[in-house]
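K.L.:
What follows is a single structure, and I will ask about it in a moment.
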Amino acid sequence: MSASRLGAEDRERYHRQMILPGWGEQAQELLASATVFVAGAGGLGSPVALYLAAAGVGTLRICDSGHVELSNLNRQILHGQADIARLKPASAVESLGRLNPRVRVVPLSETITRDTIPGLVADASLIVDCLDNFATRFVLNEFALGTGIPFVHAGVQGLCGQIGFFNPPQTACLACLVPEAPPADTFPILGATAGLLGCLQALEALKYLTGTGELLRGRLLFCDGASMEFQEVALERDPACPVCAGRHAGARLSI
């Protein structure tokens, strides 16, 4: 058996998660060697990046082409007042470095397109969709389908949100659920809603990277924060999906 790569500081920093049943040093070393691509450094990307860094994921590739704006600060907790007008990935590097300097953060201030995504994702073993528009989400979805890299999707609006784990062809793809991008719009959102769904995304990512627990494969979890109700639906792969089957049809959801 090879010697552990964890030092005394690692054992102290991650002690409370390493004593989880089935976690230990092995799971922690898996995290240390993992690379995660976080698409978006906003309302969802902030809690995702913070909790993945806090847990000890070795490399985070944070991609966002936007600048911090005052209107972001009700939900995008990676950034503060002093970061206004800065590129979001640059701000994220500093915030995550203060939290856990042992995590390598790669800032990517680029737009995600079909041409750029191979270089942006690079050697990542997992994609976390923290975007706010379906047009770019579909680029992630097609890339994940073509490469076999799974991705954790979440979406939020107002007090509501949804989260799922996509790994086609073992699961449905995102286009099985949403065949066409809805019109772009400025939608209401409470920061705590993004925080909740982002935390769930981080948890799902950590489970995948360590082989712990049961993933949301084939399931979609909906959260209504107004009534504090959660509903899970089964998401089946659509044999007529415009992306993973080449034809247009709606997804099949069953409660």
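We name chains A, B, ... following the order of the structure tokens; residues begin at 1 in each chain, and ligands are numbered from 1 as shown.
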Which residues in range 60-191 of chain A does DSSP call strand (DSSP E or B)? List them as a PyMOL selection string.
P.N.:
chain A and resi 60-63+67+87+104-108+126-129+151-158+160-166+189
K.L.:
Which residues are close to range 10-26 of chain A, i.e. within 10 Å by only C-alpha atoms, leaving aside same-chain residues fewer than 6 positions away? Reply as number ranges by chain.
P.N.:
A: 4, 32, 54-56, 100, 102, 210-213
K.L.:
Give the alpha helix (DSSP H) residues of range 169-253 of chain A, as DSSP finds them on the backbone, and put them as a PyMOL selection string.
P.N.:
chain A and resi 174-177+191-210
K.L.:
Please provide as JSON, numbers by chain all residues within 10 Å of Gln81 in chain A, with the sequence filter that same-chain residues fewer than 5 positions apart are discarded (counting only C-alpha atoms).
P.N.:
{"A": [68, 69, 70, 72, 73]}
K.L.:
Using all heavy atoms, can you export the residues from the last selection as an mmCIF file, in the first residue's frame?
P.N.:
```
data_model
loop_
_atom_site.group_PDB
_atom_site.id
_atom_site.type_symbol
_atom_site.label_atom_id
_atom_site.label_comp_id
_atom_site.auth_asym_id
_atom_site.auth_seq_id
_atom_site.Cartn_x
_atom_site.Cartn_y
_atom_site.Cartn_z
ATOM 1 N N VAL A 68 -17.693 41.685 -11.689
ATOM 2 C CA VAL A 68 -18.536 41.832 -10.506
ATOM 3 C C VAL A 68 -19.300 43.158 -10.590
ATOM 4 O O VAL A 68 -18.715 44.211 -10.850
ATOM 5 C CB VAL A 68 -17.694 41.795 -9.219
ATOM 6 C CG1 VAL A 68 -18.586 41.972 -7.995
ATOM 7 C CG2 VAL A 68 -16.897 40.495 -9.126
ATOM 8 N N GLU A 69 -20.611 43.079 -10.371
ATOM 9 C CA GLU A 69 -21.464 44.260 -10.352
ATOM 10 C C GLU A 69 -22.151 44.371 -8.996
ATOM 11 O O GLU A 69 -22.315 43.377 -8.280
ATOM 12 C CB GLU A 69 -22.521 44.159 -11.461
ATOM 13 C CG GLU A 69 -21.935 44.042 -12.864
ATOM 14 C CD GLU A 69 -23.003 43.850 -13.927
ATOM 15 O OE1 GLU A 69 -24.214 43.857 -13.565
ATOM 16 O OE2 GLU A 69 -22.643 43.708 -15.111
ATOM 17 N N LEU A 70 -22.547 45.571 -8.655
ATOM 18 C CA LEU A 70 -23.194 45.797 -7.369
ATOM 19 C C LEU A 70 -24.427 44.920 -7.206
ATOM 20 O O LEU A 70 -24.693 44.386 -6.116
ATOM 21 C CB LEU A 70 -23.569 47.277 -7.222
ATOM 22 C CG LEU A 70 -24.234 47.689 -5.911
ATOM 23 C CD1 LEU A 70 -23.330 47.400 -4.718
ATOM 24 C CD2 LEU A 70 -24.611 49.173 -5.953
ATOM 25 N N ASN A 72 -24.884 42.038 -8.132
ATOM 26 C CA ASN A 72 -24.527 40.632 -7.895
ATOM 27 C C ASN A 72 -24.445 40.296 -6.406
ATOM 28 O O ASN A 72 -24.533 39.127 -6.010
ATOM 29 C CB ASN A 72 -23.158 40.292 -8.502
ATOM 30 C CG ASN A 72 -23.076 40.469 -9.995
ATOM 31 O OD1 ASN A 72 -21.997 40.739 -10.530
ATOM 32 N ND2 ASN A 72 -24.189 40.332 -10.710
ATOM 33 N N LEU A 73 -24.215 41.300 -5.585
ATOM 34 C CA LEU A 73 -23.746 41.055 -4.229
ATOM 35 C C LEU A 73 -24.820 40.563 -3.265
ATOM 36 O O LEU A 73 -24.497 40.214 -2.127
ATOM 37 C CB LEU A 73 -23.077 42.317 -3.669
ATOM 38 C CG LEU A 73 -21.853 42.819 -4.468
ATOM 39 C CD1 LEU A 73 -21.195 43.987 -3.748
ATOM 40 C CD2 LEU A 73 -20.846 41.701 -4.712
#
```
K.L.:
Would you please work out which residue, of A:Tyr51, A:Gln28, A:Phe138, A:Val57, is nearest to Ala181 in chain A when using only C-alpha atoms?
P.N.:
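Among the listed residues, A:Phe138 lies closest to Ala181 in chain A.
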K.L.:
In terms of the shortest atom-to-atom distance over only C-alpha atoms, which of A:Glu9, A:Gln162, A:Ser227, A:Asp185 is closest to Gly198 in chain A?
P.N.:
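Closest residue, counting only C-alpha atoms: A:Gln162.
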K.L.:
Would you pick out the contacts of range 217-222 of chain A at 6 Å or less, using only C-alpha atoms, so that residues sharing its chain but fewer than 4 positions from it are not included, and give the list as an MDAnalysis selection string?
P.N.:
chainID A and resid 161:165 171 230:235
K.L.:
Any chance you can output those residues with N, CA, C and O atoms as a PDB file, in the first residue's frame?
P.N.:
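Dumped to again-v7.pdb:
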```pdb
ATOM      1  N   GLY A 161     -35.823  26.126  -6.902  1.00  0.00           N
ATOM      2  CA  GLY A 161     -34.659  25.630  -7.627  1.00  0.00           C
ATOM      3  C   GLY A 161     -34.792  24.156  -7.941  1.00  0.00           C
ATOM      4  O   GLY A 161     -35.710  23.474  -7.471  1.00  0.00           O
ATOM      5  N   GLN A 162     -33.862  23.663  -8.741  1.00  0.00           N
ATOM      6  CA  GLN A 162     -33.831  22.256  -9.114  1.00  0.00           C
ATOM      7  C   GLN A 162     -32.385  21.814  -9.231  1.00  0.00           C
ATOM      8  O   GLN A 162     -31.489  22.620  -9.492  1.00  0.00           O
ATOM      9  N   ILE A 163     -32.154  20.518  -9.027  1.00  0.00           N
ATOM     10  CA  ILE A 163     -30.814  19.966  -9.133  1.00  0.00           C
ATOM     11  C   ILE A 163     -30.900  18.538  -9.650  1.00  0.00           C
ATOM     12  O   ILE A 163     -31.832  17.795  -9.311  1.00  0.00           O
ATOM     13  N   GLY A 164     -29.931  18.162 -10.502  1.00  0.00           N
ATOM     14  CA  GLY A 164     -29.866  16.802 -11.010  1.00  0.00           C
ATOM     15  C   GLY A 164     -28.435  16.437 -11.369  1.00  0.00           C
ATOM     16  O   GLY A 164     -27.580  17.314 -11.553  1.00  0.00           O
ATOM     17  N   PHE A 165     -28.186  15.144 -11.466  1.00  0.00           N
ATOM     18  CA  PHE A 165     -26.871  14.625 -11.844  1.00  0.00           C
ATOM     19  C   PHE A 165     -27.010  13.945 -13.207  1.00  0.00           C
ATOM     20  O   PHE A 165     -27.752  12.970 -13.346  1.00  0.00           O
ATOM     21  N   THR A 171     -27.695   8.082 -17.934  1.00  0.00           N
ATOM     22  CA  THR A 171     -28.848   8.872 -17.505  1.00  0.00           C
ATOM     23  C   THR A 171     -29.376   9.667 -18.698  1.00  0.00           C
ATOM     24  O   THR A 171     -28.779   9.663 -19.774  1.00  0.00           O
ATOM     25  N   PHE A 230     -39.899  19.850  -0.775  1.00  0.00           N
ATOM     26  CA  PHE A 230     -39.024  19.225  -1.751  1.00  0.00           C
ATOM     27  C   PHE A 230     -39.796  18.116  -2.454  1.00  0.00           C
ATOM     28  O   PHE A 230     -40.564  17.390  -1.821  1.00  0.00           O
ATOM     29  N   GLN A 231     -39.572  18.017  -3.750  1.00  0.00           N
ATOM     30  CA  GLN A 231     -40.220  16.973  -4.531  1.00  0.00           C
ATOM     31  C   GLN A 231     -39.205  16.345  -5.462  1.00  0.00           C
ATOM     32  O   GLN A 231     -38.446  17.040  -6.137  1.00  0.00           O
ATOM     33  N   GLU A 232     -39.198  15.041  -5.502  1.00  0.00           N
ATOM     34  CA  GLU A 232     -38.282  14.319  -6.386  1.00  0.00           C
ATOM     35  C   GLU A 232     -39.074  13.669  -7.514  1.00  0.00           C
ATOM     36  O   GLU A 232     -40.144  13.092  -7.279  1.00  0.00           O
ATOM     37  N   VAL A 233     -38.555  13.784  -8.736  1.00  0.00           N
ATOM     38  CA  VAL A 233     -39.179  13.130  -9.873  1.00  0.00           C
ATOM     39  C   VAL A 233     -38.143  12.278 -10.586  1.00  0.00           C
ATOM     40  O   VAL A 233     -36.941  12.572 -10.564  1.00  0.00           O
ATOM     41  N   ALA A 234     -38.605  11.203 -11.177  1.00  0.00           N
ATOM     42  CA  ALA A 234     -37.735  10.355 -11.983  1.00  0.00           C
ATOM     43  C   ALA A 234     -37.588  10.969 -13.363  1.00  0.00           C
ATOM     44  O   ALA A 234     -38.565  11.441 -13.957  1.00  0.00           O
ATOM     45  N   LEU A 235     -36.373  10.999 -13.869  1.00  0.00           N
ATOM     46  CA  LEU A 235     -36.106  11.553 -15.196  1.00  0.00           C
ATOM     47  C   LEU A 235     -35.551  10.444 -16.073  1.00  0.00           C
ATOM     48  O   LEU A 235     -34.445   9.955 -15.861  1.00  0.00           O
TER      49      LEU A 235
END
```
K.L.:
Which residue, A:Cys160, A:Phe134, A:Cys241, A:Ala34, has the smallest gap to Glu229 in chain A when you use only C-alpha atoms?
P.N.:
A:Cys160
K.L.:
For Thr111 in chain A, find every residue with an atom within 7 Å (counting only C-alpha atoms), except residues of its own chain fewer than 2 positions away, and show them as a VMD selection string.
P.N.:
chain A and resid 64 to 65 113
K.L.:
Selected residues, all heavy atoms, written as a compact mmCIF listing (two decimals), in the first residue's frame, please.
P.N.:
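After the write, selection.txt holds the following:
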```txt
# COMPACT_ATOMS: atom_id res chain seq x y z
N ASP A 64 -15.72 32.13 -15.81
CA ASP A 64 -16.77 33.15 -15.89
C ASP A 64 -16.18 34.34 -16.63
O ASP A 64 -15.09 34.81 -16.27
CB ASP A 64 -17.24 33.56 -14.49
CG ASP A 64 -18.57 34.29 -14.51
OD1 ASP A 64 -18.71 35.27 -15.28
OD2 ASP A 64 -19.47 33.89 -13.75
N SER A 65 -16.86 34.84 -17.62
CA SER A 65 -16.33 35.97 -18.39
C SER A 65 -16.83 37.31 -17.88
O SER A 65 -16.49 38.36 -18.43
CB SER A 65 -16.72 35.83 -19.88
OG SER A 65 -18.14 35.82 -20.01
N THR A 113 -18.00 28.32 -25.21
CA THR A 113 -18.57 28.04 -26.51
C THR A 113 -18.16 26.63 -26.92
O THR A 113 -17.32 25.99 -26.26
CB THR A 113 -18.09 29.03 -27.58
OG1 THR A 113 -16.67 28.81 -27.81
CG2 THR A 113 -18.31 30.47 -27.15
```
K.L.:
Can you pull out the residues contacting Ser71 in chain A? Cut-off 12 Å, using only C-alpha atoms, and skip same-chain residues under 6 positions away; I want them as a list of chain:residue names.
P.N.:
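My list of contacting residues is A:Gly42, A:Gly43, A:Ile77, A:His79, A:Gly80, A:Gln81, A:Ile84, A:Ala85, A:Thr186, A:Pro188, A:Ile189, A:Leu190, A:Gly191.
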K.L.:
Selected residues, N, CA and C atoms, written as a PDB file, in the first residue's frame, please.
P.N.:
```pdb
ATOM      1  N   GLY A  42     -21.010  32.880 -10.010  1.00  0.00           N
ATOM      2  CA  GLY A  42     -22.046  33.766  -9.516  1.00  0.00           C
ATOM      3  C   GLY A  42     -22.778  33.192  -8.327  1.00  0.00           C
ATOM      4  N   GLY A  43     -24.138  33.248  -8.377  1.00  0.00           N
ATOM      5  CA  GLY A  43     -24.942  32.843  -7.241  1.00  0.00           C
ATOM      6  C   GLY A  43     -24.808  31.376  -6.889  1.00  0.00           C
ATOM      7  N   ILE A  77     -21.525  35.316  -3.174  1.00  0.00           N
ATOM      8  CA  ILE A  77     -20.763  35.518  -1.951  1.00  0.00           C
ATOM      9  C   ILE A  77     -19.263  35.276  -2.099  1.00  0.00           C
ATOM     10  N   HIS A  79     -17.658  37.260  -3.841  1.00  0.00           N
ATOM     11  CA  HIS A  79     -17.221  38.621  -4.130  1.00  0.00           C
ATOM     12  C   HIS A  79     -17.777  39.602  -3.097  1.00  0.00           C
ATOM     13  N   GLY A  80     -17.080  40.723  -2.948  1.00  0.00           N
ATOM     14  CA  GLY A  80     -17.523  41.754  -2.025  1.00  0.00           C
ATOM     15  C   GLY A  80     -17.512  43.123  -2.669  1.00  0.00           C
ATOM     16  N   GLN A  81     -17.829  44.115  -1.879  1.00  0.00           N
ATOM     17  CA  GLN A  81     -17.911  45.484  -2.367  1.00  0.00           C
ATOM     18  C   GLN A  81     -16.636  45.928  -3.065  1.00  0.00           C
ATOM     19  N   ILE A  84     -16.047  45.062  -6.983  1.00  0.00           N
ATOM     20  CA  ILE A  84     -16.868  45.587  -8.075  1.00  0.00           C
ATOM     21  C   ILE A  84     -15.979  46.026  -9.241  1.00  0.00           C
ATOM     22  N   ALA A  85     -16.351  45.603 -10.435  1.00  0.00           N
ATOM     23  CA  ALA A  85     -15.656  45.854 -11.706  1.00  0.00           C
ATOM     24  C   ALA A  85     -14.496  44.897 -11.957  1.00  0.00           C
ATOM     25  N   THR A 186     -34.256  38.694 -17.241  1.00  0.00           N
ATOM     26  CA  THR A 186     -33.763  39.004 -15.906  1.00  0.00           C
ATOM     27  C   THR A 186     -34.792  38.497 -14.916  1.00  0.00           C
ATOM     28  N   PRO A 188     -36.085  37.160 -10.945  1.00  0.00           N
ATOM     29  CA  PRO A 188     -35.852  37.444  -9.535  1.00  0.00           C
ATOM     30  C   PRO A 188     -35.129  36.286  -8.858  1.00  0.00           C
ATOM     31  N   ILE A 189     -34.337  36.590  -7.859  1.00  0.00           N
ATOM     32  CA  ILE A 189     -33.657  35.542  -7.117  1.00  0.00           C
ATOM     33  C   ILE A 189     -33.262  36.046  -5.740  1.00  0.00           C
ATOM     34  N   LEU A 190     -33.484  35.206  -4.755  1.00  0.00           N
ATOM     35  CA  LEU A 190     -33.027  35.474  -3.396  1.00  0.00           C
ATOM     36  C   LEU A 190     -31.698  34.762  -3.200  1.00  0.00           C
ATOM     37  N   GLY A 191     -30.740  35.448  -2.599  1.00  0.00           N
ATOM     38  CA  GLY A 191     -29.415  34.857  -2.438  1.00  0.00           C
ATOM     39  C   GLY A 191     -29.424  33.528  -1.714  1.00  0.00           C
TER      40      GLY A 191
END
```
K.L.:
So which residues touch Ala184 in chain A within 10 Å, counting only C-alpha atoms, skipping near sequence neighbours fewer than 5 positions away, as number ranges by chain?
P.N.:
A: 132-135
K.L.:
Rank A:Pro183, A:Pro101, A:Pro239, A:Gly119 by their smallest atom-to-atom distance to Pro169 in chain A, using only C-alpha atoms, and report the top residue only.
P.N.:
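Going through A:Pro183, A:Pro101, A:Pro239, A:Gly119 one by one, the smallest distance to Pro169 in chain A is for A:Pro239.
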K.L.:
What is the distance between CA of Cys63 in chain A and CA of Gly40 in chain A, in Å to one decimal?
P.N.:
5.5 Å
K.L.:
From the list A:Val36, A:Ser46, A:Cys199, A:Glu204, which residue is nearest Asn74 in chain A when using only C-alpha atoms?
P.N.:
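Closest residue, counting only C-alpha atoms: A:Ser46.
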K.L.:
Record the distance separating CA of Ala194 in chain A and CA of Gly155 in chain A, expressed in Å with one decimal.
P.N.:
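CA of Gly155 in chain A lies at a distance of 8.3 Å from CA of Ala194 in chain A.
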K.L.:
Please compute the CA of Arg61 in chain A-CA of Cys244 in chain A distance, one decimal, in Å.
P.N.:
26.3 Å
